[in-house]
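Here the structure comes first, spelled out in structure tokens, and everything after it is commentary.
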Amino acid sequence: MANEPIQQSQSDAWKAALASRRTQVADSESVPAALVTPLDQDVSRRSFIRASFWAGLGVSLLGSVGLLVDYLYPRNVRGFGGPVPAGTLADYPVGAEPVANSEGQFWMVNLDPTDTSDAGSGGGSGLLALWRKCPHLGCTVPWKHNATVPGFDSGSWFQCPCHGSSYTVAGVRVYGPAARSMDTMAIEIDDAGNITVQTGQILPGGPDNPSRATPV
Ligand code: FES
């Protein structure tokens, strides 16, 4: 019976502890929702930051690629490889000597169909643009006076200084190691007589070079 007060006090202590716990739970439930950071909210914030990072990186990469493409995109090609102005018809009298065009790397000649000499037009009539690059190994071919070509009279010929390949005024090969005649380029003439050579449109030379001349 002496233990009864002790048991009573222990029971009171438990009741007090339980009451206190209930009070704490009730207090925590009364904390405003805005001050609570639930786990799912934390996760969604991290996902948002990660998505923002990758989106930013993607936009930066796309911008860099766009700038590179814009830089490399060929536009308004000028000089060799594109259209090259070549003066007017008045610059090329029929039967006159070929005229060099450095920008376009070609010779322009107005073939005289009545020139029947060995180095002559081969019956061709009109403008012919001949690439100055020798079809053999690529040396620049000059128009040469008093040139000696085995098997022909000396005179004016296209003659390569590297290995002697020789060509008529129409670029037809007559001698030397070159495997073909001089290459030809496409010619355009507008209504006003202005001439443009399409130096990106090159045809391998052949014995038919004279027939490729553009009538004027
Ligand atoms: S490069 Fe012209 S003949 Fe050889």
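Residue numbers start at 1 in each chain; chains themselves are named A, B, ... in the order of the structure tokens; ligands are numbered from 1 in the order shown.
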Practice prompt. Could you give me the residues within 9 Å of ligand 1, counting only C-alpha atoms and all ligand atoms, as number ranges by chain?
Written response: A: 133-141, 159-166, 176-178
Resulting file, chosen residues, N, CA and C atoms, as an mmCIF file, in the first residue's frame:
data_model
loop_
_atom_site.group_PDB
_atom_site.id
_atom_site.type_symbol
_atom_site.label_atom_id
_atom_site.label_comp_id
_atom_site.auth_asym_id
_atom_site.auth_seq_id
_atom_site.Cartn_x
_atom_site.Cartn_y
_atom_site.Cartn_z
ATOM 1 N N LYS A 133 45.162 27.582 -116.654
ATOM 2 C CA LYS A 133 45.854 26.468 -115.990
ATOM 3 C C LYS A 133 46.094 25.331 -116.985
ATOM 4 N N CYS A 134 47.368 24.948 -117.142
ATOM 5 C CA CYS A 134 47.702 23.878 -118.102
ATOM 6 C C CYS A 134 47.081 22.563 -117.648
ATOM 7 N N PRO A 135 46.418 21.850 -118.548
ATOM 8 C CA PRO A 135 45.788 20.575 -118.174
ATOM 9 C C PRO A 135 46.802 19.502 -117.798
ATOM 10 N N HIS A 136 48.103 19.738 -118.091
ATOM 11 C CA HIS A 136 49.094 18.730 -117.733
ATOM 12 C C HIS A 136 49.343 18.736 -116.227
ATOM 13 N N LEU A 137 50.119 19.714 -115.739
ATOM 14 C CA LEU A 137 50.411 19.747 -114.302
ATOM 15 C C LEU A 137 50.087 21.092 -113.664
ATOM 16 N N GLY A 138 49.356 21.921 -114.374
ATOM 17 C CA GLY A 138 48.802 23.113 -113.730
ATOM 18 C C GLY A 138 49.588 24.398 -113.864
ATOM 19 N N CYS A 139 50.674 24.428 -114.653
ATOM 20 C CA CYS A 139 51.389 25.698 -114.837
ATOM 21 C C CYS A 139 50.492 26.705 -115.579
ATOM 22 N N THR A 140 50.796 27.977 -115.417
ATOM 23 C CA THR A 140 50.049 29.012 -116.128
ATOM 24 C C THR A 140 50.547 29.099 -117.564
ATOM 25 N N VAL A 141 49.603 29.004 -118.488
ATOM 26 C CA VAL A 141 49.974 28.974 -119.911
ATOM 27 C C VAL A 141 49.940 30.385 -120.499
ATOM 28 N N GLN A 159 51.688 28.344 -125.273
ATOM 29 C CA GLN A 159 52.726 27.335 -125.037
ATOM 30 C C GLN A 159 53.114 27.322 -123.552
ATOM 31 N N CYS A 160 53.007 26.175 -122.950
ATOM 32 C CA CYS A 160 53.290 26.045 -121.518
ATOM 33 C C CYS A 160 54.797 26.086 -121.273
ATOM 34 N N PRO A 161 55.264 26.916 -120.341
ATOM 35 C CA PRO A 161 56.699 27.035 -120.085
ATOM 36 C C PRO A 161 57.262 25.841 -119.320
ATOM 37 N N CYS A 162 56.410 25.013 -118.771
ATOM 38 C CA CYS A 162 56.917 23.919 -117.924
ATOM 39 C C CYS A 162 57.383 22.718 -118.740
ATOM 40 N N HIS A 163 56.530 22.220 -119.624
ATOM 41 C CA HIS A 163 56.910 21.032 -120.388
ATOM 42 C C HIS A 163 56.582 21.172 -121.860
ATOM 43 N N GLY A 164 56.245 22.389 -122.282
ATOM 44 C CA GLY A 164 56.133 22.664 -123.714
ATOM 45 C C GLY A 164 54.814 22.326 -124.382
ATOM 46 N N SER A 165 53.820 21.922 -123.643
ATOM 47 C CA SER A 165 52.540 21.647 -124.320
ATOM 48 C C SER A 165 52.093 22.900 -125.070
ATOM 49 N N SER A 166 51.635 22.695 -126.313
ATOM 50 C CA SER A 166 51.300 23.839 -127.167
ATOM 51 C C SER A 166 49.868 23.714 -127.656
ATOM 52 N N GLY A 176 52.915 18.119 -127.016
ATOM 53 C CA GLY A 176 53.326 18.110 -125.613
ATOM 54 C C GLY A 176 52.615 17.062 -124.786
ATOM 55 N N PRO A 177 53.004 16.998 -123.506
ATOM 56 C CA PRO A 177 52.520 15.914 -122.631
ATOM 57 C C PRO A 177 51.093 16.118 -122.094
ATOM 58 N N ALA A 178 50.517 17.283 -122.293
ATOM 59 C CA ALA A 178 49.146 17.478 -121.785
ATOM 60 C C ALA A 178 48.206 16.461 -122.426
#
Item to complete: Would you mind listing what lies within 9 Å of range 100-112 of chain A as a ChimeraX atom specification, with only C-alpha atoms counted and same-chain residues fewer than 5 positions away left out?
Response: /A:79-86,89,92-95,120-133,140,142-143,169-170,184-185,197-199,210,213-214,216
Let's have the selection written as a short mmCIF file (atom, residue, chain, number, x, y, z; two decimals), in the first residue's frame, with N, CA and C atoms.
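Produced file again.cif, reproduced below:
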data_model
loop_
_atom_site.label_atom_id
_atom_site.label_comp_id
_atom_site.auth_asym_id
_atom_site.auth_seq_id
_atom_site.Cartn_x
_atom_site.Cartn_y
_atom_site.Cartn_z
N GLY A 79 35.42 36.86 -107.72
CA GLY A 79 36.72 36.38 -108.15
C GLY A 79 36.63 34.96 -108.69
N PHE A 80 37.79 34.34 -108.80
CA PHE A 80 37.83 33.00 -109.38
C PHE A 80 36.94 32.03 -108.60
N GLY A 81 36.16 31.27 -109.34
CA GLY A 81 35.21 30.36 -108.73
C GLY A 81 33.79 30.87 -108.84
N GLY A 82 33.63 32.15 -109.19
CA GLY A 82 32.31 32.75 -109.34
C GLY A 82 32.26 33.56 -110.63
N PRO A 83 31.22 34.37 -110.78
CA PRO A 83 31.12 35.20 -111.99
C PRO A 83 32.17 36.31 -111.96
N VAL A 84 32.86 36.48 -113.07
CA VAL A 84 33.89 37.53 -113.16
C VAL A 84 33.58 38.43 -114.35
N PRO A 85 33.41 39.73 -114.11
CA PRO A 85 33.17 40.67 -115.22
C PRO A 85 34.37 40.67 -116.16
N ALA A 86 34.08 40.70 -117.46
CA ALA A 86 35.17 40.64 -118.43
C ALA A 86 35.02 41.72 -119.50
N LEU A 89 32.01 43.70 -125.43
CA LEU A 89 32.40 43.15 -126.74
C LEU A 89 33.46 44.02 -127.41
N TYR A 92 37.17 43.11 -127.38
CA TYR A 92 37.71 41.91 -128.02
C TYR A 92 37.41 41.91 -129.53
N PRO A 93 38.19 42.63 -130.30
CA PRO A 93 37.98 42.64 -131.75
C PRO A 93 38.18 41.23 -132.32
N VAL A 94 37.45 40.92 -133.36
CA VAL A 94 37.57 39.60 -134.00
C VAL A 94 39.00 39.38 -134.49
N GLY A 95 39.57 38.24 -134.13
CA GLY A 95 40.89 37.87 -134.61
C GLY A 95 42.04 38.54 -133.86
N GLY A 120 45.42 28.67 -135.69
CA GLY A 120 44.21 29.48 -135.84
C GLY A 120 42.99 28.97 -135.09
N SER A 121 41.85 29.51 -135.51
CA SER A 121 40.59 29.31 -134.77
C SER A 121 39.97 27.93 -134.96
N GLY A 122 40.44 27.20 -135.98
CA GLY A 122 39.82 25.90 -136.24
C GLY A 122 38.40 26.04 -136.72
N GLY A 123 38.07 27.20 -137.29
CA GLY A 123 36.71 27.42 -137.81
C GLY A 123 35.76 27.99 -136.78
N GLY A 124 36.23 28.15 -135.54
CA GLY A 124 35.35 28.68 -134.50
C GLY A 124 35.08 30.17 -134.70
N SER A 125 33.92 30.62 -134.21
CA SER A 125 33.53 32.02 -134.35
C SER A 125 32.90 32.50 -133.06
N GLY A 126 33.47 33.58 -132.49
CA GLY A 126 32.89 34.14 -131.26
C GLY A 126 33.86 34.11 -130.10
N LEU A 127 33.31 34.41 -128.93
CA LEU A 127 34.15 34.51 -127.72
C LEU A 127 34.41 33.15 -127.09
N LEU A 128 35.66 32.97 -126.66
CA LEU A 128 36.04 31.74 -125.98
C LEU A 128 36.88 32.13 -124.76
N ALA A 129 36.50 31.60 -123.61
CA ALA A 129 37.27 31.84 -122.38
C ALA A 129 38.03 30.55 -122.05
N LEU A 130 39.35 30.64 -122.05
CA LEU A 130 40.21 29.47 -121.81
C LEU A 130 40.88 29.59 -120.44
N TRP A 131 40.73 28.56 -119.64
CA TRP A 131 41.40 28.55 -118.33
C TRP A 131 42.91 28.53 -118.55
N ARG A 132 43.60 29.41 -117.87
CA ARG A 132 45.04 29.53 -118.07
C ARG A 132 45.83 28.38 -117.45
N LYS A 133 45.16 27.58 -116.65
CA LYS A 133 45.85 26.47 -115.99
C LYS A 133 46.09 25.33 -116.98
N THR A 140 50.80 27.98 -115.42
CA THR A 140 50.05 29.01 -116.13
C THR A 140 50.55 29.10 -117.56
N PRO A 142 51.05 30.87 -121.04
CA PRO A 142 51.07 32.19 -121.68
C PRO A 142 50.79 32.10 -123.18
N TRP A 143 50.40 33.25 -123.75
CA TRP A 143 50.32 33.38 -125.21
C TRP A 143 51.70 33.83 -125.65
N VAL A 169 45.03 29.01 -130.90
CA VAL A 169 44.36 30.15 -130.26
C VAL A 169 43.01 29.74 -129.67
N ALA A 170 42.48 28.62 -130.11
CA ALA A 170 41.24 28.10 -129.54
C ALA A 170 41.51 27.11 -128.40
N THR A 184 37.68 25.15 -120.94
CA THR A 184 36.90 26.35 -121.30
C THR A 184 35.93 26.70 -120.17
N MET A 185 35.58 28.00 -120.11
CA MET A 185 34.64 28.48 -119.08
C MET A 185 33.38 29.04 -119.75
N VAL A 197 32.15 36.00 -117.19
CA VAL A 197 32.65 34.63 -117.31
C VAL A 197 32.35 33.89 -116.01
N GLN A 198 31.68 32.77 -116.13
CA GLN A 198 31.38 31.93 -114.97
C GLN A 198 32.57 31.01 -114.73
N THR A 199 33.48 31.49 -113.88
CA THR A 199 34.73 30.74 -113.69
C THR A 199 34.54 29.48 -112.85
N PRO A 210 36.79 24.92 -130.54
CA PRO A 210 36.31 26.01 -131.41
C PRO A 210 34.78 26.11 -131.46
N ALA A 213 32.71 28.29 -128.81
CA ALA A 213 32.75 29.75 -128.78
C ALA A 213 31.33 30.32 -128.73
N THR A 214 31.16 31.41 -127.97
CA THR A 214 29.85 32.07 -127.85
C THR A 214 29.70 33.08 -128.97
N VAL A 216 28.85 36.23 -131.20
CA VAL A 216 28.67 37.64 -130.81
C VAL A 216 28.14 38.43 -131.99
#
Discussion item. Residues of range 114-205 of chain A classed as strand (DSSP E or B) by DSSP on the backbone are to be reported as a VMD selection string.
Written reply: chain A and resid 126 to 131 133 140 143 to 147 155 to 159 166 to 167 173 to 175 184 to 189 194 to 203
Would you mind exporting the chosen residues as a JSON list (two decimals), in the first residue's frame, restricted to N, CA and C atoms?
[["chain", "number", "residue", "atom", "x", "y", "z"],
["A", 126, "GLY", "N", 33.47, 33.58, -132.49],
["A", 126, "GLY", "CA", 32.89, 34.14, -131.26],
["A", 126, "GLY", "C", 33.86, 34.11, -130.10],
["A", 127, "LEU", "N", 33.31, 34.41, -128.93],
["A", 127, "LEU", "CA", 34.15, 34.51, -127.72],
["A", 127, "LEU", "C", 34.41, 33.15, -127.09],
["A", 128, "LEU", "N", 35.66, 32.97, -126.66],
["A", 128, "LEU", "CA", 36.04, 31.74, -125.98],
["A", 128, "LEU", "C", 36.88, 32.13, -124.76],
["A", 129, "ALA", "N", 36.50, 31.60, -123.61],
["A", 129, "ALA", "CA", 37.27, 31.84, -122.38],
["A", 129, "ALA", "C", 38.03, 30.55, -122.05],
["A", 130, "LEU", "N", 39.35, 30.64, -122.05],
["A", 130, "LEU", "CA", 40.21, 29.47, -121.81],
["A", 130, "LEU", "C", 40.88, 29.59, -120.44],
["A", 131, "TRP", "N", 40.73, 28.56, -119.64],
["A", 131, "TRP", "CA", 41.40, 28.55, -118.33],
["A", 131, "TRP", "C", 42.91, 28.53, -118.55],
["A", 133, "LYS", "N", 45.16, 27.58, -116.65],
["A", 133, "LYS", "CA", 45.85, 26.47, -115.99],
["A", 133, "LYS", "C", 46.09, 25.33, -116.98],
["A", 140, "THR", "N", 50.80, 27.98, -115.42],
["A", 140, "THR", "CA", 50.05, 29.01, -116.13],
["A", 140, "THR", "C", 50.55, 29.10, -117.56],
["A", 143, "TRP", "N", 50.40, 33.25, -123.75],
["A", 143, "TRP", "CA", 50.32, 33.38, -125.21],
["A", 143, "TRP", "C", 51.70, 33.83, -125.65],
["A", 144, "LYS", "N", 52.32, 33.07, -126.53],
["A", 144, "LYS", "CA", 53.73, 33.29, -126.82],
["A", 144, "LYS", "C", 53.95, 33.60, -128.30],
["A", 145, "HIS", "N", 54.69, 34.70, -128.57],
["A", 145, "HIS", "CA", 55.06, 35.03, -129.95],
["A", 145, "HIS", "C", 56.32, 34.26, -130.34],
["A", 146, "ASN", "N", 56.48, 34.04, -131.63],
["A", 146, "ASN", "CA", 57.66, 33.32, -132.15],
["A", 146, "ASN", "C", 57.92, 32.02, -131.40],
["A", 147, "ALA", "N", 56.85, 31.34, -131.06],
["A", 147, "ALA", "CA", 57.00, 30.06, -130.37],
["A", 147, "ALA", "C", 57.37, 28.97, -131.37],
["A", 155, "GLY", "N", 55.44, 30.68, -134.70],
["A", 155, "GLY", "CA", 54.43, 31.75, -134.75],
["A", 155, "GLY", "C", 53.88, 31.98, -133.36],
["A", 156, "SER", "N", 52.67, 32.47, -133.26],
["A", 156, "SER", "CA", 52.06, 32.74, -131.97],
["A", 156, "SER", "C", 51.17, 31.58, -131.54],
["A", 157, "TRP", "N", 51.45, 31.04, -130.39],
["A", 157, "TRP", "CA", 50.72, 29.89, -129.86],
["A", 157, "TRP", "C", 50.56, 30.08, -128.35],
["A", 158, "PHE", "N", 49.61, 29.35, -127.79],
["A", 158, "PHE", "CA", 49.65, 29.14, -126.34],
["A", 158, "PHE", "C", 50.70, 28.05, -126.13],
["A", 159, "GLN", "N", 51.69, 28.34, -125.27],
["A", 159, "GLN", "CA", 52.73, 27.33, -125.04],
["A", 159, "GLN", "C", 53.11, 27.32, -123.55],
["A", 166, "SER", "N", 51.64, 22.70, -126.31],
["A", 166, "SER", "CA", 51.30, 23.84, -127.17],
["A", 166, "SER", "C", 49.87, 23.71, -127.66],
["A", 167, "TYR", "N", 49.23, 24.88, -127.78],
["A", 167, "TYR", "CA", 47.81, 24.91, -128.11],
["A", 167, "TYR", "C", 47.52, 26.02, -129.12],
["A", 173, "ARG", "N", 44.99, 21.36, -128.15],
["A", 173, "ARG", "CA", 46.36, 20.84, -127.98],
["A", 173, "ARG", "C", 46.89, 20.26, -129.29],
["A", 174, "VAL", "N", 48.13, 20.64, -129.63],
["A", 174, "VAL", "CA", 48.75, 20.09, -130.84],
["A", 174, "VAL", "C", 50.07, 19.40, -130.53],
["A", 175, "TYR", "N", 50.60, 19.70, -129.33],
["A", 175, "TYR", "CA", 51.91, 19.13, -129.02],
["A", 175, "TYR", "C", 52.11, 19.11, -127.50],
["A", 184, "THR", "N", 37.68, 25.15, -120.94],
["A", 184, "THR", "CA", 36.90, 26.35, -121.30],
["A", 184, "THR", "C", 35.93, 26.70, -120.17],
["A", 185, "MET", "N", 35.58, 28.00, -120.11],
["A", 185, "MET", "CA", 34.64, 28.48, -119.08],
["A", 185, "MET", "C", 33.38, 29.04, -119.75],
["A", 186, "ALA", "N", 32.29, 28.98, -119.03],
["A", 186, "ALA", "CA", 31.01, 29.47, -119.57],
["A", 186, "ALA", "C", 31.02, 31.00, -119.65],
["A", 187, "ILE", "N", 30.42, 31.52, -120.72],
["A", 187, "ILE", "CA", 30.38, 32.97, -120.96],
["A", 187, "ILE", "C", 28.92, 33.43, -121.04],
["A", 188, "GLU", "N", 28.64, 34.58, -120.42],
["A", 188, "GLU", "CA", 27.30, 35.20, -120.54],
["A", 188, "GLU", "C", 27.47, 36.62, -121.06],
["A", 189, "ILE", "N", 26.61, 37.01, -121.98],
["A", 189, "ILE", "CA", 26.65, 38.37, -122.53],
["A", 189, "ILE", "C", 25.26, 38.95, -122.41],
["A", 194, "ASN", "N", 27.72, 43.56, -122.10],
["A", 194, "ASN", "CA", 28.61, 43.28, -120.97],
["A", 194, "ASN", "C", 28.84, 41.77, -120.85],
["A", 195, "ILE", "N", 30.12, 41.44, -120.65],
["A", 195, "ILE", "CA", 30.48, 40.02, -120.63],
["A", 195, "ILE", "C", 30.79, 39.58, -119.21],
["A", 196, "THR", "N", 30.27, 38.42, -118.86],
["A", 196, "THR", "CA", 30.59, 37.80, -117.56],
["A", 196, "THR", "C", 31.05, 36.38, -117.83],
["A", 197, "VAL", "N", 32.15, 36.00, -117.19],
["A", 197, "VAL", "CA", 32.65, 34.63, -117.31],
["A", 197, "VAL", "C", 32.35, 33.89, -116.01],
["A", 198, "GLN", "N", 31.68, 32.77, -116.13],
["A", 198, "GLN", "CA", 31.38, 31.93, -114.97],
["A", 198, "GLN", "C", 32.57, 31.01, -114.73],
["A", 199, "THR", "N", 33.48, 31.49, -113.88],
["A", 199, "THR", "CA", 34.73, 30.74, -113.69],
["A", 199, "THR", "C", 34.54, 29.48, -112.85],
["A", 200, "GLY", "N", 33.34, 29.29, -112.34],
["A", 200, "GLY", "CA", 33.06, 28.04, -111.62],
["A", 200, "GLY", "C", 32.48, 26.99, -112.53],
["A", 201, "GLN", "N", 32.19, 27.38, -113.78],
["A", 201, "GLN", "CA", 31.62, 26.43, -114.75],
["A", 201, "GLN", "C", 32.68, 26.13, -115.81],
["A", 202, "ILE", "N", 33.45, 25.11, -115.55],
["A", 202, "ILE", "CA", 34.59, 24.77, -116.40],
["A", 202, "ILE", "C", 34.36, 23.42, -117.07],
["A", 203, "LEU", "N", 34.60, 23.39, -118.38],
["A", 203, "LEU", "CA", 34.49, 22.15, -119.13],
["A", 203, "LEU", "C", 35.88, 21.68, -119.52]]
Worksheet, complete the sentence: Counting only C-alpha atoms, the residue among A:Trp14, A:Glu97, A:Ile49, A:Pro207 that lies closest to Met182 in chain A is A:Pro207
Worksheet item: What does the distance from CA of Thr148 in chain A to CA of Asp208 in chain A come to in Å, to one decimal?
Response: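 Taking CA of Thr148 in chain A and CA of Asp208 in chain A, their separation equals 23.8 Å.
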Write out as an mmCIF file with N, CA and C atoms, in the first residue's frame the residues lying within 8 Å of Asp118 in chain A, counting only C-alpha atoms and excluding same-chain residues fewer than 3 positions away.
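Wrote it out as around37.cif, contents follow:
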data_model
loop_
_atom_site.group_PDB
_atom_site.id
_atom_site.type_symbol
_atom_site.label_atom_id
_atom_site.label_comp_id
_atom_site.auth_asym_id
_atom_site.auth_seq_id
_atom_site.Cartn_x
_atom_site.Cartn_y
_atom_site.Cartn_z
ATOM 1 N N PHE A 152 55.375 22.236 -136.688
ATOM 2 C CA PHE A 152 54.588 23.386 -137.163
ATOM 3 C C PHE A 152 55.516 24.578 -137.388
ATOM 4 N N ASP A 153 55.007 25.528 -138.156
ATOM 5 C CA ASP A 153 55.769 26.764 -138.336
ATOM 6 C C ASP A 153 55.784 27.531 -137.020
ATOM 7 N N THR A 168 46.517 25.809 -129.945
ATOM 8 C CA THR A 168 46.093 26.836 -130.894
ATOM 9 C C THR A 168 45.430 27.986 -130.150
#
Worksheet item: Between CA of Thr114 in chain A and CA of Pro150 in chain A, what is the spacing in Å?
Response: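 Computing the Euclidean distance for CA of Pro150 in chain A and CA of Thr114 in chain A yields 24.0 Å.
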Worksheet entry | Atom pair CA of Thr88 in chain A / CA of Asn209 in chain A: separation (Å) |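 Between CA of Thr88 in chain A and CA of Asn209 in chain A the gap works out to 21.7 Å.
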Practice prompt. Using backbone DSSP assignments, extract all alpha helix (DSSP H) residues from range 8-208 of chain A; output them as a ChimeraX atom specification.
Written response: /A:8-29,39-72
